[in-house]
Amino acid sequence: MTKIQTAGIAGTGICLPDQLITNDDLAQIIDTNDEWITKRTGIRERRWVEDGVNCSDLATGAGRQALANAGLKAEDLDLIVVGTISGDLVFPSVACQVQHNLGATCSAFDVSAACTGFLTAMQVASTHIAAGLAKNVLVIGTEALSRMLDKTDRGSAIIFGDGAGAAVLQPFDICKRGEILRSTLGADGSGHGLIAMPMGGTSHFHNMDSYVSDEHFIKLKGREVYRFAVHKMAELIRWAMEGIDEEDLCCVIPHQVNQRIIEGALDRLDWNQDKVMINIQRYGNTSAASVPIAFHEALEEGRLQEGKYVVLVAFGAGLTWGANLLRW
Ligand SMILES: CC(C)(COP(=O)(O)OP(=O)(O)OC[C@H]1O[C@@H](n2cnc3c(N)ncnc32)[C@H](O)[C@@H]1OP(=O)(O)O)[C@@H](O)C(=O)NCCC(=O)NCCS
C-alpha cells in the first residue's frame, strides 16, 4: 500500500503591529478597568494596527519570516492558504495580496473559519501535501479585528487584538520536523449567531442608512461562547491525547481565547498549566492568528522538544473547531 505523505513544519513566523493598547488605555474610552480585564480574561495588553497598516501587511510579514526560517524563497511556494475574517477587502482574498507582496506565483486563497482559521488552513495544506498536489505551502492566520470593534462596547472591545502568524508546511520526509500525525475539524452552524459581524455581507448590504448602523461591528454573546469554549477545548485536548502518554507531551498550544476558559478546560482534564502555552496577556484574542503566534513563540522559547508531542486546539465563530497532534 502507498504510504500517505504526512506534512511537517519547516518554519514559522509572526508579525505584530507596533501600536500597544493597554487595559488602562481602554479604561480611558470605556467603562472598564485593568483589574476587571486582567482578572476576567488574563489580558494585560494587545496590539492594534495603526493607520495605514492592513491585515495583509501583517500576513506578509509573518509569511516572510516563516519562509526565511524554512530556508525557502517565495518562488518555491506551491500554495498560500490564509485563515482570516478581517481581510483588507470583502474580496479578493488576503492570500492573493500576500502572494503579490512576496513575489510568489503559486495559487492562493483564504479560508473563513474565524478563530479556527489557521487550523483549517493547515488541514487544507496538509491534505494538498498528502495528495501530492503541493510540496511547499505557506499557511497564515492573520487578523486586524480592531477595525471591526465597537470601541464603546466593553463586552467585546477588551478582548480582541491584531496580529499574524505563519508556518511553512512541507512533506515530513523533507523537513523532518513537526510531523502532523492527526487532525480534526468540526462545525455547528446552530451557533451561527453567537459571534458575528453582520454588515458588509450581502444580507446586511450597504445603503445610505447603513453607514450610521452599529451592525458594522463584531457582535459577541460572550457568556454563551464561554460555556461552549470550555467544553470544546477540553474535548479537543482529550481527542488529541488519545493513546498518548502525558509524559510524552511537551506542549499544548490552545487558541488564546480567555485565560479563564483555558483554566476551566484544564480543570476538567485535571491538568495544570505547566505544558500549556499562554501568551494572551500580551496579545489578547487574535482569532486566526492566535495559535500560530503562540506556536512560534513556544518554538522560540524552546518549549517544543524533539520527539515529544505537541497539541494545537482552536474554536470560534461558526461555530467551528479543530485540533492537531504533532510530533516535534
Ligand atoms: C466576554 C467575557 C470576557 C465576559 O466575561 P464574563 O466573566 O463572562 O462577564 P459577564 O459578561 O458575565 O459580565 C459580568 C459583569 O461584568 C460586567 N462587565 C462586562 N464587561 C466588562 C468590562 N470590560 N469591564 C468591567 N465590567 C464588565 C458586566 O456588565 C456584568 O455586570 P453585571 O453583573 O452587573 O451585569 C467572557 O464571557 C469571554 O471571554 N467570553 C468568550 C470570548 C469570546 O467569545 N471570544 C471570541 C470567540 S473565540
# chains A, B, ... in the order shown; residues from 1 in each chain; ligands from 1
>>> residues_around(residues="Arg227 in chain A", least_positions_apart="4", cutoff="10 Å", atoms="only C-alpha atoms", output="ChimeraX atom specification")
/A:222-223,231-232,261,264
>>> residues_around(residues="range 97-104 of chain A", least_positions_apart="5", cutoff="10 Å", atoms="only C-alpha atoms", output="ChimeraX atom specification")
/A:55-61,63-64,67,73-82,87-88,92,109,138,140
>>> write_last_selection(atoms="C-alpha atoms", output="PDB file, in the first residue's frame")
ATOM      1  CA  CYS A  55      -4.356  42.681   7.617  1.00  0.00           C
ATOM      2  CA  SER A  56      -2.406  41.635   4.504  1.00  0.00           C
ATOM      3  CA  ASP A  57       0.664  43.611   5.683  1.00  0.00           C
ATOM      4  CA  LEU A  58       0.750  41.588   8.907  1.00  0.00           C
ATOM      5  CA  ALA A  59       0.242  38.375   6.917  1.00  0.00           C
ATOM      6  CA  THR A  60       3.064  39.268   4.556  1.00  0.00           C
ATOM      7  CA  GLY A  61       5.447  39.997   7.453  1.00  0.00           C
ATOM      8  CA  GLY A  63       4.888  34.806   5.868  1.00  0.00           C
ATOM      9  CA  ARG A  64       8.246  36.338   5.009  1.00  0.00           C
ATOM     10  CA  LEU A  67       9.819  31.398   4.619  1.00  0.00           C
ATOM     11  CA  LYS A  73      12.100  31.621  -1.258  1.00  0.00           C
ATOM     12  CA  ALA A  74       8.703  32.888  -2.386  1.00  0.00           C
ATOM     13  CA  GLU A  75       9.175  31.262  -5.788  1.00  0.00           C
ATOM     14  CA  ASP A  76       9.484  27.858  -4.090  1.00  0.00           C
ATOM     15  CA  LEU A  77       5.880  28.034  -2.876  1.00  0.00           C
ATOM     16  CA  ASP A  78       3.177  25.859  -4.442  1.00  0.00           C
ATOM     17  CA  LEU A  79       0.271  27.259  -2.433  1.00  0.00           C
ATOM     18  CA  ILE A  80      -0.630  30.019   0.043  1.00  0.00           C
ATOM     19  CA  VAL A  81      -3.642  29.485   2.328  1.00  0.00           C
ATOM     20  CA  VAL A  82      -4.730  32.249   4.682  1.00  0.00           C
ATOM     21  CA  GLY A  87      -9.241  40.767   5.339  1.00  0.00           C
ATOM     22  CA  ASP A  88      -8.469  44.127   3.734  1.00  0.00           C
ATOM     23  CA  PRO A  92     -10.396  39.448  -3.350  1.00  0.00           C
ATOM     24  CA  PHE A 109      -6.870  31.584  -1.364  1.00  0.00           C
ATOM     25  CA  LEU A 138       2.627  28.799   3.293  1.00  0.00           C
ATOM     26  CA  ILE A 140      -1.066  32.067   7.613  1.00  0.00           C
TER      27      ILE A 140
END
>>> residues_around(residues="range 171-174 of chain A", least_positions_apart="2", cutoff="9 Å", atoms="only C-alpha atoms", output="list in words")
Gln5, Thr6, Ala7, Gly8, Ile9, Ala10, Ser126, Ile129, Ala130, Ala134, Lys135, Asn136, Leu169, Lys176, Arg177, Gly178, Glu179 and Ile180 of chain A
>>> select_by_dssp(residues="range 13-232 of chain A", states="strand (DSSP E)", output="MDAnalysis selection string")
chainID A and resid 13:15 20:22 45:47 79:83 107:111 137:143 163:171 179:187 195:196 219:220
>>> closest_residue(among="A:Arg147, A:Ala66, A:Asp110, A:Asp25", to="Met197 in chain A", atoms="only C-alpha atoms")
A:Arg147
>>> residues_near_ligand(ligand="ligand 1", cutoff="9 Å", atoms="only C-alpha atoms and all ligand atoms", output="CSV table (one decimal) with N, CA and C atoms, in the first residue's frame")
chain,number,residue,atom,x,y,z
A,26,LEU,N,-7.7,51.4,27.4
A,26,LEU,CA,-9.1,51.2,27.2
A,26,LEU,C,-10.0,51.8,28.2
A,27,ALA,N,-9.5,51.8,29.4
A,27,ALA,CA,-10.3,52.4,30.5
A,27,ALA,C,-10.5,53.9,30.3
A,30,ILE,N,-13.7,53.4,27.6
A,30,ILE,CA,-14.9,52.7,28.1
A,30,ILE,C,-14.9,52.5,29.6
A,31,ASP,N,-16.1,52.1,30.0
A,31,ASP,CA,-16.3,51.9,31.5
A,31,ASP,C,-15.8,50.6,31.9
A,32,THR,N,-14.5,50.5,32.1
A,32,THR,CA,-13.8,49.3,32.5
A,32,THR,C,-12.5,49.6,33.3
A,33,ASN,N,-11.8,48.6,33.7
A,33,ASN,CA,-10.6,48.9,34.4
A,33,ASN,C,-9.6,47.7,34.3
A,34,ASP,N,-8.4,48.0,34.5
A,34,ASP,CA,-7.3,47.0,34.4
A,34,ASP,C,-7.6,45.8,35.2
A,35,GLU,N,-8.0,46.0,36.4
A,35,GLU,CA,-8.3,44.8,37.4
A,35,GLU,C,-9.3,43.9,36.8
A,36,TRP,N,-10.4,44.5,36.3
A,36,TRP,CA,-11.5,43.6,35.8
A,36,TRP,C,-11.0,42.8,34.6
A,37,ILE,N,-10.4,43.5,33.7
A,37,ILE,CA,-10.0,42.8,32.4
A,37,ILE,C,-8.9,41.7,32.8
A,39,LYS,N,-8.4,40.1,35.6
A,39,LYS,CA,-9.0,39.0,36.4
A,39,LYS,C,-9.9,38.2,35.5
A,40,ARG,N,-10.7,38.8,34.7
A,40,ARG,CA,-11.7,38.0,33.9
A,40,ARG,C,-11.2,37.4,32.6
A,41,THR,N,-10.1,37.9,32.1
A,41,THR,CA,-9.6,37.4,30.8
A,41,THR,C,-8.1,37.0,30.8
A,114,ALA,N,-13.0,31.8,11.2
A,114,ALA,CA,-12.8,32.6,12.4
A,114,ALA,C,-11.6,32.1,13.2
A,115,CYS,N,-11.7,31.9,14.5
A,115,CYS,CA,-10.6,31.5,15.3
A,115,CYS,C,-10.0,30.1,15.0
A,116,THR,N,-10.8,29.4,14.2
A,116,THR,CA,-10.3,28.1,13.8
A,116,THR,C,-9.6,28.2,12.4
A,153,ASP,N,-18.1,49.3,23.3
A,153,ASP,CA,-18.7,48.1,23.8
A,153,ASP,C,-17.7,47.3,24.7
A,154,ARG,N,-17.9,47.4,26.0
A,154,ARG,CA,-16.9,46.8,26.9
A,154,ARG,C,-16.9,45.3,26.9
A,155,GLY,N,-17.9,44.7,26.4
A,155,GLY,CA,-18.0,43.2,26.3
A,155,GLY,C,-17.1,42.7,25.2
A,156,SER,N,-16.8,43.4,24.1
A,156,SER,CA,-16.0,42.9,23.0
A,156,SER,C,-14.7,43.6,22.8
A,157,ALA,N,-14.7,45.0,23.1
A,157,ALA,CA,-13.5,45.8,22.7
A,157,ALA,C,-12.3,45.4,23.5
A,158,ILE,N,-12.5,44.8,24.7
A,158,ILE,CA,-11.4,44.5,25.6
A,158,ILE,C,-10.7,43.2,25.1
A,159,ILE,N,-11.4,42.4,24.4
A,159,ILE,CA,-10.9,41.0,24.1
A,159,ILE,C,-9.9,40.9,23.0
A,160,PHE,N,-10.2,41.6,21.9
A,160,PHE,CA,-9.5,41.3,20.6
A,160,PHE,C,-8.3,42.1,20.3
A,194,LEU,N,-23.8,33.5,17.6
A,194,LEU,CA,-23.2,33.8,18.8
A,194,LEU,C,-22.0,34.8,18.7
A,195,ILE,N,-21.3,34.7,17.6
A,195,ILE,CA,-20.3,35.7,17.3
A,195,ILE,C,-20.4,36.0,15.8
A,220,LEU,N,-21.0,39.9,19.9
A,220,LEU,CA,-20.5,38.7,20.7
A,220,LEU,C,-21.4,38.4,21.8
A,221,LYS,N,-21.8,37.2,21.9
A,221,LYS,CA,-22.6,36.7,23.1
A,221,LYS,C,-21.6,36.0,24.0
A,222,GLY,N,-20.8,36.8,24.7
A,222,GLY,CA,-19.7,36.3,25.4
A,222,GLY,C,-19.9,35.1,26.4
A,223,ARG,N,-21.0,35.2,27.2
A,223,ARG,CA,-21.3,34.1,28.1
A,223,ARG,C,-21.6,32.8,27.5
A,224,GLU,N,-22.4,32.8,26.4
A,224,GLU,CA,-22.7,31.5,25.7
A,224,GLU,C,-21.4,31.0,25.1
A,225,VAL,N,-20.6,31.8,24.5
A,225,VAL,CA,-19.4,31.4,23.9
A,225,VAL,C,-18.4,30.8,24.9
A,226,TYR,N,-18.4,31.4,26.1
A,226,TYR,CA,-17.6,30.9,27.2
A,226,TYR,C,-17.9,29.5,27.5
A,227,ARG,N,-19.2,29.1,27.7
A,227,ARG,CA,-19.6,27.8,28.1
A,227,ARG,C,-19.1,26.8,27.0
A,228,PHE,N,-19.4,27.2,25.7
A,228,PHE,CA,-19.0,26.3,24.6
A,228,PHE,C,-17.5,26.1,24.6
A,229,ALA,N,-16.8,27.2,24.8
A,229,ALA,CA,-15.3,27.1,24.6
A,229,ALA,C,-14.7,26.2,25.7
A,255,HIS,N,-6.0,28.0,21.4
A,255,HIS,CA,-6.4,29.3,21.0
A,255,HIS,C,-6.5,30.2,22.2
A,256,GLN,N,-5.9,31.4,22.1
A,256,GLN,CA,-5.8,32.3,23.3
A,256,GLN,C,-7.1,33.1,23.4
A,257,VAL,N,-8.1,32.4,23.9
A,257,VAL,CA,-9.5,33.0,23.9
A,257,VAL,C,-9.7,33.8,25.2
A,258,ASN,N,-9.3,33.3,26.3
A,258,ASN,CA,-9.5,33.9,27.6
A,258,ASN,C,-8.8,33.0,28.6
A,259,GLN,N,-8.0,33.5,29.4
A,259,GLN,CA,-7.2,32.7,30.4
A,259,GLN,C,-8.1,31.8,31.2
A,260,ARG,N,-9.3,32.4,31.6
A,260,ARG,CA,-10.2,31.6,32.5
A,260,ARG,C,-10.8,30.4,31.7
A,261,ILE,N,-11.0,30.6,30.4
A,261,ILE,CA,-11.5,29.5,29.6
A,261,ILE,C,-10.5,28.4,29.5
A,285,ASN,N,-7.0,38.2,22.3
A,285,ASN,CA,-7.5,37.1,21.4
A,285,ASN,C,-7.3,37.6,19.9
A,286,THR,N,-6.4,37.0,19.2
A,286,THR,CA,-6.1,37.5,17.8
A,286,THR,C,-6.8,36.5,16.8
A,287,SER,N,-7.8,35.8,17.3
A,287,SER,CA,-8.6,35.0,16.4
A,287,SER,C,-7.7,34.0,15.6
A,314,ALA,N,-8.2,24.8,18.6
A,314,ALA,CA,-8.9,26.1,18.4
A,314,ALA,C,-10.4,26.0,18.2
A,315,PHE,N,-11.1,27.0,18.4
A,315,PHE,CA,-12.6,27.0,18.2
A,315,PHE,C,-13.0,28.5,18.1
A,316,GLY,N,-14.1,28.7,17.5
A,316,GLY,CA,-14.6,30.1,17.4
A,316,GLY,C,-15.9,30.2,16.6
A,317,ALA,N,-16.1,31.4,16.0
A,317,ALA,CA,-17.3,31.7,15.3
A,317,ALA,C,-17.6,30.7,14.3
>>> select_by_dssp(residues="range 125-230 of chain A", states="helix (DSSP H, G or I)", output="NGL selection string")
:A and (125-130 or 145-148 or 172-175 or 189-191 or 209-212 or 214-216 or 222-230)
>>> decode(residues="range 38-87 of chain A", atoms="N, CA and C atoms", output="PDB file, in the first residue's frame")
ATOM      1  N   THR A  38      -7.966  42.041  33.610  1.00  0.00           N
ATOM      2  CA  THR A  38      -6.922  41.068  33.936  1.00  0.00           C
ATOM      3  C   THR A  38      -7.527  39.852  34.629  1.00  0.00           C
ATOM      4  N   LYS A  39      -8.405  40.117  35.613  1.00  0.00           N
ATOM      5  CA  LYS A  39      -8.995  39.019  36.385  1.00  0.00           C
ATOM      6  C   LYS A  39      -9.931  38.151  35.544  1.00  0.00           C
ATOM      7  N   ARG A  40     -10.727  38.786  34.679  1.00  0.00           N
ATOM      8  CA  ARG A  40     -11.739  38.033  33.921  1.00  0.00           C
ATOM      9  C   ARG A  40     -11.228  37.418  32.632  1.00  0.00           C
ATOM     10  N   THR A  41     -10.072  37.926  32.123  1.00  0.00           N
ATOM     11  CA  THR A  41      -9.611  37.418  30.816  1.00  0.00           C
ATOM     12  C   THR A  41      -8.128  37.037  30.790  1.00  0.00           C
ATOM     13  N   GLY A  42      -7.337  37.584  31.710  1.00  0.00           N
ATOM     14  CA  GLY A  42      -5.880  37.371  31.669  1.00  0.00           C
ATOM     15  C   GLY A  42      -5.164  38.352  30.756  1.00  0.00           C
ATOM     16  N   ILE A  43      -5.931  39.170  30.028  1.00  0.00           N
ATOM     17  CA  ILE A  43      -5.315  40.092  29.052  1.00  0.00           C
ATOM     18  C   ILE A  43      -4.814  41.359  29.769  1.00  0.00           C
ATOM     19  N   ARG A  44      -3.560  41.732  29.478  1.00  0.00           N
ATOM     20  CA  ARG A  44      -2.998  42.969  30.039  1.00  0.00           C
ATOM     21  C   ARG A  44      -2.828  44.030  28.966  1.00  0.00           C
ATOM     22  N   GLU A  45      -2.516  43.570  27.755  1.00  0.00           N
ATOM     23  CA  GLU A  45      -2.357  44.496  26.634  1.00  0.00           C
ATOM     24  C   GLU A  45      -2.600  43.742  25.342  1.00  0.00           C
ATOM     25  N   ARG A  46      -2.789  44.486  24.272  1.00  0.00           N
ATOM     26  CA  ARG A  46      -2.970  43.901  22.951  1.00  0.00           C
ATOM     27  C   ARG A  46      -2.383  44.866  21.942  1.00  0.00           C
ATOM     28  N   ARG A  47      -2.183  44.398  20.708  1.00  0.00           N
ATOM     29  CA  ARG A  47      -1.696  45.280  19.640  1.00  0.00           C
ATOM     30  C   ARG A  47      -2.853  45.566  18.694  1.00  0.00           C
ATOM     31  N   TRP A  48      -2.980  46.798  18.291  1.00  0.00           N
ATOM     32  CA  TRP A  48      -3.971  47.172  17.276  1.00  0.00           C
ATOM     33  C   TRP A  48      -3.238  47.831  16.116  1.00  0.00           C
ATOM     34  N   VAL A  49      -3.655  47.517  14.905  1.00  0.00           N
ATOM     35  CA  VAL A  49      -2.984  48.098  13.737  1.00  0.00           C
ATOM     36  C   VAL A  49      -3.102  49.619  13.739  1.00  0.00           C
ATOM     37  N   GLU A  50      -2.017  50.268  13.329  1.00  0.00           N
ATOM     38  CA  GLU A  50      -2.040  51.715  13.218  1.00  0.00           C
ATOM     39  C   GLU A  50      -2.556  52.074  11.820  1.00  0.00           C
ATOM     40  N   ASP A  51      -2.905  53.351  11.623  1.00  0.00           N
ATOM     41  CA  ASP A  51      -3.392  53.797  10.314  1.00  0.00           C
ATOM     42  C   ASP A  51      -2.379  53.417   9.245  1.00  0.00           C
ATOM     43  N   GLY A  52      -2.890  52.944   8.134  1.00  0.00           N
ATOM     44  CA  GLY A  52      -2.006  52.627   7.015  1.00  0.00           C
ATOM     45  C   GLY A  52      -1.516  51.191   7.006  1.00  0.00           C
ATOM     46  N   VAL A  53      -1.759  50.450   8.105  1.00  0.00           N
ATOM     47  CA  VAL A  53      -1.345  49.037   8.145  1.00  0.00           C
ATOM     48  C   VAL A  53      -2.583  48.162   8.003  1.00  0.00           C
ATOM     49  N   ASN A  54      -2.508  47.181   7.127  1.00  0.00           N
ATOM     50  CA  ASN A  54      -3.659  46.311   6.882  1.00  0.00           C
ATOM     51  C   ASN A  54      -3.359  44.871   7.257  1.00  0.00           C
ATOM     52  N   CYS A  55      -4.439  44.104   7.291  1.00  0.00           N
ATOM     53  CA  CYS A  55      -4.356  42.681   7.617  1.00  0.00           C
ATOM     54  C   CYS A  55      -3.333  41.965   6.715  1.00  0.00           C
ATOM     55  N   SER A  56      -3.323  42.307   5.442  1.00  0.00           N
ATOM     56  CA  SER A  56      -2.406  41.635   4.504  1.00  0.00           C
ATOM     57  C   SER A  56      -0.949  42.024   4.776  1.00  0.00           C
ATOM     58  N   ASP A  57      -0.713  43.219   5.338  1.00  0.00           N
ATOM     59  CA  ASP A  57       0.664  43.611   5.683  1.00  0.00           C
ATOM     60  C   ASP A  57       1.197  42.720   6.799  1.00  0.00           C
ATOM     61  N   LEU A  58       0.338  42.467   7.805  1.00  0.00           N
ATOM     62  CA  LEU A  58       0.750  41.588   8.907  1.00  0.00           C
ATOM     63  C   LEU A  58       1.013  40.184   8.365  1.00  0.00           C
ATOM     64  N   ALA A  59       0.109  39.724   7.500  1.00  0.00           N
ATOM     65  CA  ALA A  59       0.242  38.375   6.917  1.00  0.00           C
ATOM     66  C   ALA A  59       1.539  38.256   6.125  1.00  0.00           C
ATOM     67  N   THR A  60       1.845  39.293   5.385  1.00  0.00           N
ATOM     68  CA  THR A  60       3.064  39.268   4.556  1.00  0.00           C
ATOM     69  C   THR A  60       4.308  39.206   5.451  1.00  0.00           C
ATOM     70  N   GLY A  61       4.300  39.995   6.527  1.00  0.00           N
ATOM     71  CA  GLY A  61       5.447  39.997   7.453  1.00  0.00           C
ATOM     72  C   GLY A  61       5.650  38.629   8.083  1.00  0.00           C
ATOM     73  N   ALA A  62       4.557  38.023   8.543  1.00  0.00           N
ATOM     74  CA  ALA A  62       4.669  36.692   9.169  1.00  0.00           C
ATOM     75  C   ALA A  62       5.112  35.659   8.137  1.00  0.00           C
ATOM     76  N   GLY A  63       4.550  35.760   6.932  1.00  0.00           N
ATOM     77  CA  GLY A  63       4.888  34.806   5.868  1.00  0.00           C
ATOM     78  C   GLY A  63       6.354  34.907   5.475  1.00  0.00           C
ATOM     79  N   ARG A  64       6.843  36.124   5.392  1.00  0.00           N
ATOM     80  CA  ARG A  64       8.246  36.338   5.009  1.00  0.00           C
ATOM     81  C   ARG A  64       9.179  35.683   6.043  1.00  0.00           C
ATOM     82  N   GLN A  65       8.854  35.877   7.319  1.00  0.00           N
ATOM     83  CA  GLN A  65       9.700  35.298   8.376  1.00  0.00           C
ATOM     84  C   GLN A  65       9.631  33.768   8.360  1.00  0.00           C
ATOM     85  N   ALA A  66       8.435  33.229   8.127  1.00  0.00           N
ATOM     86  CA  ALA A  66       8.298  31.763   8.090  1.00  0.00           C
ATOM     87  C   ALA A  66       9.094  31.180   6.927  1.00  0.00           C
ATOM     88  N   LEU A  67       9.056  31.864   5.790  1.00  0.00           N
ATOM     89  CA  LEU A  67       9.819  31.398   4.619  1.00  0.00           C
ATOM     90  C   LEU A  67      11.321  31.405   4.916  1.00  0.00           C
ATOM     91  N   ALA A  68      11.788  32.509   5.527  1.00  0.00           N
ATOM     92  CA  ALA A  68      13.218  32.611   5.854  1.00  0.00           C
ATOM     93  C   ALA A  68      13.613  31.503   6.822  1.00  0.00           C
ATOM     94  N   ASN A  69      12.773  31.256   7.834  1.00  0.00           N
ATOM     95  CA  ASN A  69      13.094  30.214   8.815  1.00  0.00           C
ATOM     96  C   ASN A  69      13.047  28.810   8.207  1.00  0.00           C
ATOM     97  N   ALA A  70      12.286  28.672   7.124  1.00  0.00           N
ATOM     98  CA  ALA A  70      12.223  27.370   6.431  1.00  0.00           C
ATOM     99  C   ALA A  70      13.332  27.242   5.394  1.00  0.00           C
ATOM    100  N   GLY A  71      14.064  28.338   5.186  1.00  0.00           N
ATOM    101  CA  GLY A  71      15.143  28.315   4.185  1.00  0.00           C
ATOM    102  C   GLY A  71      14.600  28.275   2.765  1.00  0.00           C
ATOM    103  N   LEU A  72      13.416  28.875   2.555  1.00  0.00           N
ATOM    104  CA  LEU A  72      12.800  28.856   1.220  1.00  0.00           C
ATOM    105  C   LEU A  72      12.628  30.266   0.682  1.00  0.00           C
ATOM    106  N   LYS A  73      12.395  30.330  -0.613  1.00  0.00           N
ATOM    107  CA  LYS A  73      12.100  31.621  -1.258  1.00  0.00           C
ATOM    108  C   LYS A  73      10.649  31.603  -1.723  1.00  0.00           C
ATOM    109  N   ALA A  74      10.109  32.795  -1.970  1.00  0.00           N
ATOM    110  CA  ALA A  74       8.703  32.888  -2.386  1.00  0.00           C
ATOM    111  C   ALA A  74       8.431  32.041  -3.630  1.00  0.00           C
ATOM    112  N   GLU A  75       9.411  32.008  -4.539  1.00  0.00           N
ATOM    113  CA  GLU A  75       9.175  31.262  -5.788  1.00  0.00           C
ATOM    114  C   GLU A  75       9.135  29.744  -5.575  1.00  0.00           C
ATOM    115  N   ASP A  76       9.554  29.303  -4.377  1.00  0.00           N
ATOM    116  CA  ASP A  76       9.484  27.858  -4.090  1.00  0.00           C
ATOM    117  C   ASP A  76       8.071  27.422  -3.710  1.00  0.00           C
ATOM    118  N   LEU A  77       7.202  28.392  -3.399  1.00  0.00           N
ATOM    119  CA  LEU A  77       5.880  28.034  -2.876  1.00  0.00           C
ATOM    120  C   LEU A  77       4.959  27.469  -3.958  1.00  0.00           C
ATOM    121  N   ASP A  78       4.178  26.451  -3.547  1.00  0.00           N
ATOM    122  CA  ASP A  78       3.177  25.859  -4.442  1.00  0.00           C
ATOM    123  C   ASP A  78       1.772  26.328  -4.089  1.00  0.00           C
ATOM    124  N   LEU A  79       1.613  26.867  -2.876  1.00  0.00           N
ATOM    125  CA  LEU A  79       0.271  27.259  -2.433  1.00  0.00           C
ATOM    126  C   LEU A  79       0.388  28.188  -1.219  1.00  0.00           C
ATOM    127  N   ILE A  80      -0.502  29.167  -1.155  1.00  0.00           N
ATOM    128  CA  ILE A  80      -0.630  30.019   0.043  1.00  0.00           C
ATOM    129  C   ILE A  80      -2.090  29.926   0.505  1.00  0.00           C
ATOM    130  N   VAL A  81      -2.287  29.537   1.764  1.00  0.00           N
ATOM    131  CA  VAL A  81      -3.642  29.485   2.328  1.00  0.00           C
ATOM    132  C   VAL A  81      -3.671  30.388   3.555  1.00  0.00           C
ATOM    133  N   VAL A  82      -4.632  31.293   3.574  1.00  0.00           N
ATOM    134  CA  VAL A  82      -4.730  32.249   4.682  1.00  0.00           C
ATOM    135  C   VAL A  82      -6.056  32.060   5.421  1.00  0.00           C
ATOM    136  N   GLY A  83      -5.984  31.949   6.742  1.00  0.00           N
ATOM    137  CA  GLY A  83      -7.179  31.949   7.585  1.00  0.00           C
ATOM    138  C   GLY A  83      -7.372  33.359   8.104  1.00  0.00           C
ATOM    139  N   THR A  84      -8.522  33.951   7.799  1.00  0.00           N
ATOM    140  CA  THR A  84      -8.813  35.306   8.293  1.00  0.00           C
ATOM    141  C   THR A  84     -10.301  35.600   8.194  1.00  0.00           C
ATOM    142  N   ILE A  85     -10.776  36.492   9.074  1.00  0.00           N
ATOM    143  CA  ILE A  85     -12.141  37.019   8.942  1.00  0.00           C
ATOM    144  C   ILE A  85     -12.107  38.549   8.896  1.00  0.00           C
ATOM    145  N   SER A  86     -10.898  39.106   8.788  1.00  0.00           N
ATOM    146  CA  SER A  86     -10.811  40.570   8.784  1.00  0.00           C
ATOM    147  C   SER A  86      -9.877  41.033   7.671  1.00  0.00           C
ATOM    148  N   GLY A  87     -10.063  40.425   6.497  1.00  0.00           N
ATOM    149  CA  GLY A  87      -9.241  40.767   5.339  1.00  0.00           C
ATOM    150  C   GLY A  87      -9.406  42.223   4.932  1.00  0.00           C
TER     151      GLY A  87
END
